[in-house]
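For reference, data_30.cif (mmCIF, N, CA and C atoms):
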data_work
loop_
_atom_site.label_atom_id
_atom_site.label_comp_id
_atom_site.auth_asym_id
_atom_site.auth_seq_id
_atom_site.Cartn_x
_atom_site.Cartn_y
_atom_site.Cartn_z
N MET A 1 -17.61 26.78 7.81
CA MET A 1 -17.07 25.44 7.64
C MET A 1 -17.19 25.05 6.17
N ALA A 2 -16.16 24.42 5.65
CA ALA A 2 -16.15 23.91 4.29
C ALA A 2 -15.82 22.43 4.32
N VAL A 3 -16.24 21.73 3.29
CA VAL A 3 -15.93 20.32 3.13
C VAL A 3 -15.11 20.19 1.86
N ASP A 4 -13.88 19.70 2.00
CA ASP A 4 -12.97 19.53 0.87
C ASP A 4 -12.81 18.05 0.57
N TYR A 5 -12.93 17.70 -0.72
CA TYR A 5 -12.64 16.35 -1.18
C TYR A 5 -11.27 16.37 -1.83
N VAL A 6 -10.38 15.46 -1.38
CA VAL A 6 -9.00 15.42 -1.86
C VAL A 6 -8.64 13.96 -2.13
N CYS A 7 -7.88 13.73 -3.22
CA CYS A 7 -7.41 12.38 -3.51
C CYS A 7 -6.36 12.00 -2.46
N ARG A 8 -6.53 10.87 -1.85
CA ARG A 8 -5.61 10.47 -0.79
C ARG A 8 -4.25 10.01 -1.31
N HIS A 9 -4.14 9.77 -2.61
CA HIS A 9 -2.87 9.34 -3.18
C HIS A 9 -2.09 10.50 -3.78
N CYS A 10 -2.70 11.24 -4.69
CA CYS A 10 -1.97 12.30 -5.39
C CYS A 10 -2.26 13.69 -4.81
N ARG A 11 -3.16 13.76 -3.82
CA ARG A 11 -3.50 15.01 -3.12
C ARG A 11 -4.16 16.06 -4.02
N THR A 12 -4.72 15.65 -5.15
CA THR A 12 -5.42 16.55 -6.05
C THR A 12 -6.75 16.97 -5.42
N PRO A 13 -7.04 18.27 -5.36
CA PRO A 13 -8.36 18.70 -4.87
C PRO A 13 -9.44 18.28 -5.87
N LEU A 14 -10.49 17.65 -5.38
CA LEU A 14 -11.54 17.14 -6.26
C LEU A 14 -12.84 17.93 -6.16
N GLY A 15 -13.03 18.63 -5.07
CA GLY A 15 -14.25 19.41 -4.91
C GLY A 15 -14.31 20.06 -3.55
N ARG A 16 -15.24 21.02 -3.43
CA ARG A 16 -15.35 21.75 -2.17
C ARG A 16 -16.79 22.23 -2.00
N PHE A 17 -17.32 22.03 -0.81
CA PHE A 17 -18.61 22.60 -0.42
C PHE A 17 -18.32 23.72 0.57
N GLU A 18 -18.81 24.89 0.29
CA GLU A 18 -18.62 26.03 1.19
C GLU A 18 -19.73 26.12 2.24
N ASN A 19 -20.83 25.50 1.97
CA ASN A 19 -22.00 25.64 2.82
C ASN A 19 -21.86 24.79 4.08
N SER A 20 -21.89 25.41 5.22
CA SER A 20 -21.77 24.67 6.49
C SER A 20 -23.07 23.96 6.86
N GLU A 21 -24.12 24.20 6.12
CA GLU A 21 -25.41 23.60 6.42
C GLU A 21 -25.62 22.24 5.76
N VAL A 22 -24.62 21.72 5.05
CA VAL A 22 -24.77 20.42 4.39
C VAL A 22 -24.63 19.32 5.44
N PRO A 23 -25.69 18.57 5.72
CA PRO A 23 -25.60 17.51 6.73
C PRO A 23 -24.83 16.30 6.20
N GLU A 24 -24.25 15.54 7.12
CA GLU A 24 -23.45 14.38 6.75
C GLU A 24 -24.24 13.37 5.93
N TYR A 25 -25.53 13.20 6.21
CA TYR A 25 -26.29 12.21 5.46
C TYR A 25 -26.45 12.61 4.00
N ARG A 26 -26.43 13.90 3.69
CA ARG A 26 -26.50 14.35 2.29
C ARG A 26 -25.20 14.06 1.55
N LEU A 27 -24.09 13.98 2.29
CA LEU A 27 -22.80 13.66 1.70
C LEU A 27 -22.55 12.15 1.66
N GLY A 28 -23.42 11.37 2.30
CA GLY A 28 -23.26 9.92 2.32
C GLY A 28 -22.31 9.41 3.37
N LEU A 29 -21.90 10.29 4.28
CA LEU A 29 -20.91 9.89 5.29
C LEU A 29 -21.49 8.99 6.37
N HIS A 30 -22.79 8.97 6.52
CA HIS A 30 -23.41 8.15 7.55
C HIS A 30 -23.31 6.65 7.24
N PHE A 31 -22.96 6.30 5.99
CA PHE A 31 -22.80 4.90 5.62
C PHE A 31 -21.45 4.32 6.05
N LEU A 32 -20.51 5.17 6.44
CA LEU A 32 -19.17 4.73 6.80
C LEU A 32 -19.15 4.11 8.19
N THR A 33 -18.34 3.08 8.35
CA THR A 33 -18.14 2.49 9.67
C THR A 33 -17.22 3.43 10.47
N PRO A 34 -17.14 3.27 11.78
CA PRO A 34 -16.24 4.11 12.57
C PRO A 34 -14.79 4.04 12.09
N ALA A 35 -14.33 2.85 11.70
CA ALA A 35 -12.95 2.71 11.21
C ALA A 35 -12.77 3.45 9.89
N GLU A 36 -13.75 3.36 9.00
CA GLU A 36 -13.68 4.08 7.73
C GLU A 36 -13.70 5.58 7.95
N ARG A 37 -14.54 6.04 8.86
CA ARG A 37 -14.62 7.47 9.16
C ARG A 37 -13.27 8.00 9.64
N LYS A 38 -12.61 7.22 10.49
CA LYS A 38 -11.32 7.64 11.03
C LYS A 38 -10.26 7.73 9.93
N ARG A 39 -10.34 6.82 8.94
CA ARG A 39 -9.36 6.77 7.87
C ARG A 39 -9.65 7.80 6.77
N ILE A 40 -10.90 8.13 6.55
CA ILE A 40 -11.31 8.95 5.41
C ILE A 40 -11.53 10.42 5.76
N ILE A 41 -12.06 10.71 6.95
CA ILE A 41 -12.46 12.07 7.30
C ILE A 41 -11.45 12.68 8.26
N ALA A 42 -11.02 13.90 7.93
CA ALA A 42 -10.11 14.65 8.81
C ALA A 42 -10.78 15.96 9.18
N TYR A 43 -10.83 16.27 10.46
CA TYR A 43 -11.40 17.51 10.95
C TYR A 43 -10.27 18.49 11.22
N ASN A 44 -10.29 19.62 10.54
CA ASN A 44 -9.23 20.62 10.66
C ASN A 44 -9.52 21.59 11.81
N SER A 45 -8.49 22.21 12.32
CA SER A 45 -8.63 23.11 13.46
C SER A 45 -9.48 24.33 13.16
N ASN A 46 -9.59 24.73 11.90
CA ASN A 46 -10.41 25.89 11.54
C ASN A 46 -11.88 25.53 11.33
N GLY A 47 -12.24 24.26 11.55
CA GLY A 47 -13.63 23.83 11.41
C GLY A 47 -13.94 23.18 10.07
N ASP A 48 -13.00 23.24 9.15
CA ASP A 48 -13.21 22.60 7.85
C ASP A 48 -13.04 21.08 7.99
N VAL A 49 -13.60 20.38 7.03
CA VAL A 49 -13.53 18.93 7.00
C VAL A 49 -12.87 18.53 5.69
N THR A 50 -11.90 17.60 5.75
CA THR A 50 -11.28 17.07 4.55
C THR A 50 -11.67 15.61 4.43
N ILE A 51 -12.19 15.24 3.25
CA ILE A 51 -12.59 13.87 2.99
C ILE A 51 -11.63 13.31 1.95
N ASN A 52 -10.90 12.27 2.35
CA ASN A 52 -9.90 11.66 1.48
C ASN A 52 -10.52 10.52 0.68
N VAL A 53 -10.59 10.72 -0.64
CA VAL A 53 -11.14 9.75 -1.56
C VAL A 53 -10.07 9.43 -2.61
N ILE A 54 -10.42 8.66 -3.63
CA ILE A 54 -9.48 8.34 -4.69
C ILE A 54 -10.00 8.92 -6.00
N CYS A 55 -9.14 9.66 -6.69
CA CYS A 55 -9.53 10.26 -7.97
C CYS A 55 -9.57 9.18 -9.05
N GLU A 56 -10.16 9.52 -10.17
CA GLU A 56 -10.30 8.56 -11.27
C GLU A 56 -8.95 8.09 -11.80
N TYR A 57 -8.00 9.00 -11.94
CA TYR A 57 -6.68 8.64 -12.44
C TYR A 57 -6.00 7.61 -11.52
N CYS A 58 -5.99 7.89 -10.23
CA CYS A 58 -5.34 6.97 -9.28
C CYS A 58 -6.08 5.64 -9.23
N SER A 59 -7.38 5.68 -9.30
CA SER A 59 -8.17 4.45 -9.29
C SER A 59 -7.84 3.58 -10.50
N GLN A 60 -7.77 4.19 -11.68
CA GLN A 60 -7.45 3.43 -12.89
C GLN A 60 -6.02 2.89 -12.83
N THR A 61 -5.10 3.68 -12.31
CA THR A 61 -3.72 3.24 -12.20
C THR A 61 -3.59 2.05 -11.24
N LEU A 62 -4.26 2.12 -10.11
CA LEU A 62 -4.22 1.01 -9.15
C LEU A 62 -4.91 -0.23 -9.70
N ASP A 63 -5.95 -0.04 -10.52
CA ASP A 63 -6.60 -1.18 -11.16
C ASP A 63 -5.66 -1.84 -12.17
N SER A 64 -4.89 -1.02 -12.89
CA SER A 64 -3.97 -1.54 -13.90
C SER A 64 -2.72 -2.15 -13.29
N TYR A 65 -2.27 -1.59 -12.17
CA TYR A 65 -1.04 -2.03 -11.51
C TYR A 65 -1.32 -2.27 -10.02
N PRO A 66 -2.01 -3.35 -9.70
CA PRO A 66 -2.40 -3.59 -8.30
C PRO A 66 -1.22 -3.73 -7.34
N GLU A 67 -0.05 -4.06 -7.86
CA GLU A 67 1.13 -4.19 -6.98
C GLU A 67 1.51 -2.87 -6.35
N LEU A 68 1.08 -1.75 -6.94
CA LEU A 68 1.36 -0.44 -6.34
C LEU A 68 0.67 -0.25 -4.99
N SER A 69 -0.42 -0.97 -4.76
CA SER A 69 -1.14 -0.83 -3.50
C SER A 69 -0.32 -1.37 -2.33
N LEU A 70 0.75 -2.09 -2.61
CA LEU A 70 1.62 -2.59 -1.53
C LEU A 70 2.54 -1.52 -0.98
N LEU A 71 2.70 -0.42 -1.73
CA LEU A 71 3.57 0.68 -1.28
C LEU A 71 2.80 1.61 -0.36
N SER A 72 3.48 2.25 0.56
CA SER A 72 2.80 3.16 1.49
C SER A 72 2.26 4.40 0.79
N ASN A 73 2.97 4.94 -0.19
CA ASN A 73 2.52 6.10 -0.97
C ASN A 73 2.73 5.80 -2.45
N PRO A 74 1.83 5.03 -3.05
CA PRO A 74 2.09 4.52 -4.40
C PRO A 74 2.06 5.55 -5.52
N LEU A 75 1.33 6.62 -5.39
CA LEU A 75 1.11 7.50 -6.53
C LEU A 75 1.42 8.96 -6.23
N GLN A 76 2.48 9.22 -5.52
CA GLN A 76 2.81 10.60 -5.23
C GLN A 76 3.52 11.23 -6.38
#
Could the structure of this file be written out as structure tokens, please?
Amino acid sequence: MAVDYVCRHCRTPLGRFENSEVPEYRLGLHFLTPAERKRIIAYNSNGDVTINVICEYCSQTLDSYPELSLLSNPLQ
């Protein structure tokens, strides 16, 4: 099992953990509410986990142009 971090806007890979022994509390996932978990974490059929976060570029762009957040896919 691997854990992949991907930007949810531009789909840029941000990092990957290959170790299946990394517990969720070490990744900070236990702080998420059930609704946040559903929106942020995707469990793949091969056992890998994808965590959708926002990269620095997309974060800065959305801070500079907040009206982009009204679009369904603002930064593709």
* Asked: Care to translate the PyMOL selection byres ((chain A and resi 17) around 6.5) into actual residues of this file, as a list in words?
  ->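 When the PyMOL selection byres ((chain A and resi 17) around 6.5) is applied, the selected residues are Met1, Ala2, Val3, Asp4, Tyr5, Gly15, Arg16, Glu18, Asn19 and Ser20 of chain A.
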* Separation of atom CA of Val6 of chain A from atom CA of Thr50 of chain A in Å ->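 Pair atom CA of Thr50 of chain A / atom CA of Val6 of chain A returns 7.0 Å.
In the backbone-derived DSSP annotation, strand (DSSP E or B) within chain A comprises Val3, Asp4, Tyr5, Val6, Cys7, Pro13, Leu14, Gly15, Arg16, Phe17, Ile41, Ala42, Tyr43, Val49, Thr50, Ile51, Asn52 and Val53 of chain A.
Nearest residue to Arg37 of chain A, choosing from A:Ile51, A:Pro13, A:Leu71, A:Pro23 and counting only C-alpha atoms: A:Ile51.
Here the residues within segment 12-76 of chain A that DSSP labels helix (DSSP H, G or I) on the basis of the backbone are Glu24, Tyr25, Arg26, Leu27, Leu29, His30, Phe31, Pro34, Ala35, Glu36, Arg37, Lys38, Arg39, Ile40, Glu56, Tyr57, Cys58, Ser59, Gln60, Thr61, Leu62, Asp63, Ser64, Pro66, Glu67, Leu68, Ser69 and Leu70 of chain A.
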Would you mind exporting the chosen residues as a compact mmCIF listing (two decimals), keeping the file's coordinate frame, restricted to N, CA and C atoms?
# COMPACT_ATOMS: atom_id res chain seq x y z
N GLU A 24 -24.25 15.54 7.12
CA GLU A 24 -23.45 14.38 6.75
C GLU A 24 -24.24 13.37 5.93
N TYR A 25 -25.53 13.20 6.21
CA TYR A 25 -26.29 12.21 5.46
C TYR A 25 -26.45 12.61 4.00
N ARG A 26 -26.43 13.90 3.69
CA ARG A 26 -26.50 14.35 2.29
C ARG A 26 -25.20 14.06 1.55
N LEU A 27 -24.09 13.98 2.29
CA LEU A 27 -22.80 13.66 1.70
C LEU A 27 -22.55 12.15 1.66
N LEU A 29 -21.90 10.29 4.28
CA LEU A 29 -20.91 9.89 5.29
C LEU A 29 -21.49 8.99 6.37
N HIS A 30 -22.79 8.97 6.52
CA HIS A 30 -23.41 8.15 7.55
C HIS A 30 -23.31 6.65 7.24
N PHE A 31 -22.96 6.30 5.99
CA PHE A 31 -22.80 4.90 5.62
C PHE A 31 -21.45 4.32 6.05
N PRO A 34 -17.14 3.27 11.78
CA PRO A 34 -16.24 4.11 12.57
C PRO A 34 -14.79 4.04 12.09
N ALA A 35 -14.33 2.85 11.70
CA ALA A 35 -12.95 2.71 11.21
C ALA A 35 -12.77 3.45 9.89
N GLU A 36 -13.75 3.36 9.00
CA GLU A 36 -13.68 4.08 7.73
C GLU A 36 -13.70 5.58 7.95
N ARG A 37 -14.54 6.04 8.86
CA ARG A 37 -14.62 7.47 9.16
C ARG A 37 -13.27 8.00 9.64
N LYS A 38 -12.61 7.22 10.49
CA LYS A 38 -11.32 7.64 11.03
C LYS A 38 -10.26 7.73 9.93
N ARG A 39 -10.34 6.82 8.94
CA ARG A 39 -9.36 6.77 7.87
C ARG A 39 -9.65 7.80 6.77
N ILE A 40 -10.90 8.13 6.55
CA ILE A 40 -11.31 8.95 5.41
C ILE A 40 -11.53 10.42 5.76
N GLU A 56 -10.16 9.52 -10.17
CA GLU A 56 -10.30 8.56 -11.27
C GLU A 56 -8.95 8.09 -11.80
N TYR A 57 -8.00 9.00 -11.94
CA TYR A 57 -6.68 8.64 -12.44
C TYR A 57 -6.00 7.61 -11.52
N CYS A 58 -5.99 7.89 -10.23
CA CYS A 58 -5.34 6.97 -9.28
C CYS A 58 -6.08 5.64 -9.23
N SER A 59 -7.38 5.68 -9.30
CA SER A 59 -8.17 4.45 -9.29
C SER A 59 -7.84 3.58 -10.50
N GLN A 60 -7.77 4.19 -11.68
CA GLN A 60 -7.45 3.43 -12.89
C GLN A 60 -6.02 2.89 -12.83
N THR A 61 -5.10 3.68 -12.31
CA THR A 61 -3.72 3.24 -12.20
C THR A 61 -3.59 2.05 -11.24
N LEU A 62 -4.26 2.12 -10.11
CA LEU A 62 -4.22 1.01 -9.15
C LEU A 62 -4.91 -0.23 -9.70
N ASP A 63 -5.95 -0.04 -10.52
CA ASP A 63 -6.60 -1.18 -11.16
C ASP A 63 -5.66 -1.84 -12.17
N SER A 64 -4.89 -1.02 -12.89
CA SER A 64 -3.97 -1.54 -13.90
C SER A 64 -2.72 -2.15 -13.29
N PRO A 66 -2.01 -3.35 -9.70
CA PRO A 66 -2.40 -3.59 -8.30
C PRO A 66 -1.22 -3.73 -7.34
N GLU A 67 -0.05 -4.06 -7.86
CA GLU A 67 1.13 -4.19 -6.98
C GLU A 67 1.51 -2.87 -6.35
N LEU A 68 1.08 -1.75 -6.94
CA LEU A 68 1.36 -0.44 -6.34
C LEU A 68 0.67 -0.25 -4.99
N SER A 69 -0.42 -0.97 -4.76
CA SER A 69 -1.14 -0.83 -3.50
C SER A 69 -0.32 -1.37 -2.33
N LEU A 70 0.75 -2.09 -2.61
CA LEU A 70 1.62 -2.59 -1.53
C LEU A 70 2.54 -1.52 -0.98
